[in-house]
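Trainee: Sending over a structure as structure tokens; questions will come in a sec.
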Amino acid sequence: MGAMTASPGRRVLLAAPRGYCAGVDRAVIAVEKALEQYGAPVYVRHEIVHNKYVVQTLEKKGAIFVERTEEVPPGNIVMFSAHGVAPVVHEEAERGKLATIDATCPLVTKVHKEAVRFANDDYDILLIGHEGHEEVIGTSGEAPDHIQLVDGPEDVAKVEVRDPSKVVWLSQTTLSVDETMETVDALKDKFPQLISPPSDDICYATQNRQLAVKQMGAEAELVIVVGSRNSSNSKRLVEVAKQAGSREAYLVDFADEIDEAWLEGVTTVGVTSGASVPDVLVEQVLEWLSQRGFEDVEIVKAAEESITFSLPKELRRDLREEAASLVAERGGSGAAGTAGA
């Protein structure tokens with residue numbers, strides 16, 4: 001056979017779990033199902049999940065991605081992305097006479113409900129997360145007067161609250177577990193009566209993928225994370241790999257973005273993927289590596305995942321008819337009837 005036989009000692013550590021989480025799987029299937037049931041176009045507000053390949057694939061099937069609700073012509077169907085939206089966005093859709101499908105991940109919805117509950121009890125809410133990220137914008141919008149963003153431990157110094165005995169922290173679901181706990185510790189030093197969310201806000205998938213990378217980073221000189229630049233959980237995997245001892249870690253959307261120079265002096269490559277990444281992209285990376293002598297693949301298993309979520313309930317209704325009736329209501333304001341829901 002060719003000269004590129006597997007060299008002794010060259011191996012790939014493949015993370016498990018990796019790739020699609022239950023919320024992403026549900027959101028992507030929801031777009032496909034909506035296109036099947038209602039025909040194109042189906043508008044999606046913001047990228048359904050933060051992955052370039054997924055968005056391009058769905059665009060080819062007839063999904064139209066917009067950044068603002070106002071971009072959707074009246075009488076159409078709009079879907080909200082897995083990252084969730086603020087209540088004002090639901091109002092925009094109503095004003096714009098749009099039928100909506102909410103593909104927000106249930107684990108993000110959980111954080112929204114926590115925010116509403118603590119705001120109703122008049123707590124100051126410290127939301128740990130990345131400024132400008134879709135999920136943070138959505139959660140903050142549930143109670144803007146009560147929520148302030150804390151973007152990492154260095155942000156703690158400037159946090160001020162009305163009553164230090166009524167303070168709670170919540171977080172974005174896709175953060176670094178270690179960095180978040182660092183931020184929480186700093187907040188607790190400042191506000192000893194700070195309370196924690198009823199259950200951890202960082203989701204199971206984020207935690208499991210970071211756990212697998214930690215195990216890998218100790219042995220792999222190079223870690224390749226498949227994921228998009230705007231994917232928070234994917235970027236965190238790169239950071240976690242470096243903290244765990246990997247000499248280098250890189251984020252790539254596709255195998256052809258890998259630089260051969262990265263392999264110099266490397267005997268062990270770790271491979272994983274973010275929660276919005278289809279496994280076909282990982283398979284292409286493994287193929288690329290095997291052509292360069294890295295054929296031996298070992299699975300690094302950090303957890304079992306069996307969580308699934310049922311599809312958005314709106315897919316059980318005739319949304320085309322609902323959308324048409326919204327426009328037919330002679331410009332009348334107020335919510336449209338959802339008879340036959």
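Chain labels run A, B, ... following the order of the structure tokens; each chain numbers its residues from 1, and ligands are numbered from 1 in the order shown.
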Skipping near chain neighbours, those fewer than 6 positions away, what residues fall within 12 Å of Ile29 (chain A) using only C-alpha atoms, listed as JSON, numbers by chain?

Mentor: {"A": [20, 22, 23, 35, 36, 37, 48, 49, 54, 58, 81, 82, 103, 309, 310, 311, 312, 315]}

Trainee: How would the residues just chosen look if you wrote them out with C-alpha atoms as a PDB file, in the first residue's frame?

Mentor:
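Final output, saved to result-v5.pdb:
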ATOM      1  CA  TYR A  20     -24.979  17.276  19.018  1.00  0.00           C
ATOM      2  CA  ALA A  22     -30.463  17.189  22.786  1.00  0.00           C
ATOM      3  CA  GLY A  23     -31.387  20.878  22.403  1.00  0.00           C
ATOM      4  CA  LEU A  35     -40.090  22.917   5.961  1.00  0.00           C
ATOM      5  CA  GLU A  36     -41.605  19.468   5.287  1.00  0.00           C
ATOM      6  CA  GLN A  37     -44.973  20.322   6.799  1.00  0.00           C
ATOM      7  CA  ILE A  48     -30.873  28.136  14.594  1.00  0.00           C
ATOM      8  CA  VAL A  49     -27.677  26.793  16.187  1.00  0.00           C
ATOM      9  CA  VAL A  54     -25.882  23.379   9.637  1.00  0.00           C
ATOM     10  CA  LEU A  58     -30.866  24.343   6.043  1.00  0.00           C
ATOM     11  CA  SER A  81     -33.395  29.677  17.651  1.00  0.00           C
ATOM     12  CA  ALA A  82     -32.186  27.222  20.303  1.00  0.00           C
ATOM     13  CA  ALA A 103     -37.146  26.077  19.233  1.00  0.00           C
ATOM     14  CA  PHE A 309     -36.429  16.481  24.092  1.00  0.00           C
ATOM     15  CA  SER A 310     -39.787  16.344  22.334  1.00  0.00           C
ATOM     16  CA  LEU A 311     -40.295  18.670  19.346  1.00  0.00           C
ATOM     17  CA  PRO A 312     -41.872  22.142  19.725  1.00  0.00           C
ATOM     18  CA  LEU A 315     -45.416  21.803  14.809  1.00  0.00           C
TER      19      LEU A 315
END

Trainee: From region 27-195 of chain A, collect each residue whose DSSP state is strand (DSSP E or B) and return the set as a count of residues only.

Mentor: 31

Trainee: Which residue is closest to Val24 (chain A)? Choose from A:Asp145, A:Asp122, A:Glu47, A:Glu67 and count only C-alpha atoms.

Mentor: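 Ranking A:Asp145, A:Asp122, A:Glu47, A:Glu67 by distance to Val24 (chain A), first place goes to A:Glu47.
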
Trainee: Determine, using only C-alpha atoms, which residues of region 257-278 of chain A have any atom at most 7 Å from an atom of region 224-242 of chain A, and tabulate each with its shortest atom pair and distance in Å to one decimal place, rows ordered by chain and then rising number, as a tab-separated table.

Mentor:
residue	atom	partner	partner_atom	distance
A:Gly270	CA	A:Ile224	CA	6.1
A:Val271	CA	A:Ile224	CA	5.0
A:Thr272	CA	A:Val225	CA	5.0
A:Ser273	CA	A:Val226	CA	4.4
A:Gly274	CA	A:Ser234	CA	4.5
A:Ala275	CA	A:Asn233	CA	7.0
A:Val277	CA	A:Gly227	CA	6.1

Trainee: Which of these residues is nearest to Arg68 (chain A), using only C-alpha atoms: A:Arg247, A:His90, A:Lys113, A:Lys52?

Mentor: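 Looking at the shortest contact to Arg68 (chain A), the residue is A:His90.
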
Trainee: With only C-alpha atoms as the counted atoms, please give the residues lying no more than 7 Å from Trp169 (chain A), apart from itself and same-chain residues fewer than 3 positions off, as a ChimeraX atom specification.

Mentor: /A:125-127,195-197

Trainee: Once you have the residues from the selection above, write them out as a PDB file, in the first residue's frame, restricted to all heavy atoms.

Mentor:
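Resulting contents of result14.pdb:
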ATOM      1  N   ILE A 125     -30.257  39.862  40.293  1.00  0.00           N
ATOM      2  CA  ILE A 125     -29.790  38.649  39.618  1.00  0.00           C
ATOM      3  C   ILE A 125     -28.471  38.942  38.913  1.00  0.00           C
ATOM      4  O   ILE A 125     -28.384  39.870  38.107  1.00  0.00           O
ATOM      5  CB  ILE A 125     -30.834  38.171  38.583  1.00  0.00           C
ATOM      6  CG1 ILE A 125     -32.163  37.849  39.287  1.00  0.00           C
ATOM      7  CG2 ILE A 125     -30.314  36.953  37.802  1.00  0.00           C
ATOM      8  CD1 ILE A 125     -33.350  37.712  38.331  1.00  0.00           C
ATOM      9  N   LEU A 126     -27.443  38.177  39.238  1.00  0.00           N
ATOM     10  CA  LEU A 126     -26.144  38.320  38.582  1.00  0.00           C
ATOM     11  C   LEU A 126     -26.026  37.197  37.561  1.00  0.00           C
ATOM     12  O   LEU A 126     -25.908  36.022  37.907  1.00  0.00           O
ATOM     13  CB  LEU A 126     -25.021  38.249  39.628  1.00  0.00           C
ATOM     14  CG  LEU A 126     -25.200  39.223  40.811  1.00  0.00           C
ATOM     15  CD1 LEU A 126     -24.059  39.084  41.813  1.00  0.00           C
ATOM     16  CD2 LEU A 126     -25.325  40.660  40.322  1.00  0.00           C
ATOM     17  N   LEU A 127     -26.127  37.576  36.282  1.00  0.00           N
ATOM     18  CA  LEU A 127     -26.110  36.590  35.202  1.00  0.00           C
ATOM     19  C   LEU A 127     -24.679  36.450  34.687  1.00  0.00           C
ATOM     20  O   LEU A 127     -24.120  37.389  34.121  1.00  0.00           O
ATOM     21  CB  LEU A 127     -27.052  37.015  34.072  1.00  0.00           C
ATOM     22  CG  LEU A 127     -27.076  36.132  32.822  1.00  0.00           C
ATOM     23  CD1 LEU A 127     -27.537  34.708  33.152  1.00  0.00           C
ATOM     24  CD2 LEU A 127     -27.981  36.735  31.748  1.00  0.00           C
ATOM     25  N   ILE A 195     -27.039  33.559  46.800  1.00  0.00           N
ATOM     26  CA  ILE A 195     -27.573  32.205  46.666  1.00  0.00           C
ATOM     27  C   ILE A 195     -27.366  31.674  45.243  1.00  0.00           C
ATOM     28  O   ILE A 195     -27.199  32.444  44.293  1.00  0.00           O
ATOM     29  CB  ILE A 195     -29.061  32.082  47.101  1.00  0.00           C
ATOM     30  CG1 ILE A 195     -29.984  32.842  46.169  1.00  0.00           C
ATOM     31  CG2 ILE A 195     -29.256  32.535  48.544  1.00  0.00           C
ATOM     32  CD1 ILE A 195     -31.435  32.483  46.384  1.00  0.00           C
ATOM     33  N   SER A 196     -27.355  30.350  45.142  1.00  0.00           N
ATOM     34  CA  SER A 196     -27.102  29.686  43.865  1.00  0.00           C
ATOM     35  C   SER A 196     -28.415  29.273  43.226  1.00  0.00           C
ATOM     36  O   SER A 196     -29.416  29.113  43.923  1.00  0.00           O
ATOM     37  CB  SER A 196     -26.249  28.434  44.097  1.00  0.00           C
ATOM     38  OG  SER A 196     -25.006  28.810  44.664  1.00  0.00           O
ATOM     39  N   PRO A 197     -28.398  29.062  41.904  1.00  0.00           N
ATOM     40  CA  PRO A 197     -29.637  28.588  41.254  1.00  0.00           C
ATOM     41  C   PRO A 197     -30.026  27.231  41.822  1.00  0.00           C
ATOM     42  O   PRO A 197     -29.179  26.487  42.314  1.00  0.00           O
ATOM     43  CB  PRO A 197     -29.258  28.478  39.779  1.00  0.00           C
ATOM     44  CG  PRO A 197     -27.775  28.514  39.722  1.00  0.00           C
ATOM     45  CD  PRO A 197     -27.294  29.205  40.954  1.00  0.00           C
TER      46      PRO A 197
END

Trainee: To one decimal in Å, tell me the separation between CA of Thr100 (chain A) and CA of Leu326 (chain A).

Mentor: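 Separation of CA of Thr100 (chain A) and CA of Leu326 (chain A): 11.5 Å.
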
Trainee: Which residue is closest to Val111 (chain A)? Choose from A:Glu248, A:Glu71, A:Glu135, A:Asp155 and count only C-alpha atoms.

Mentor: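 Smallest distance to Val111 (chain A) is found for A:Glu135.
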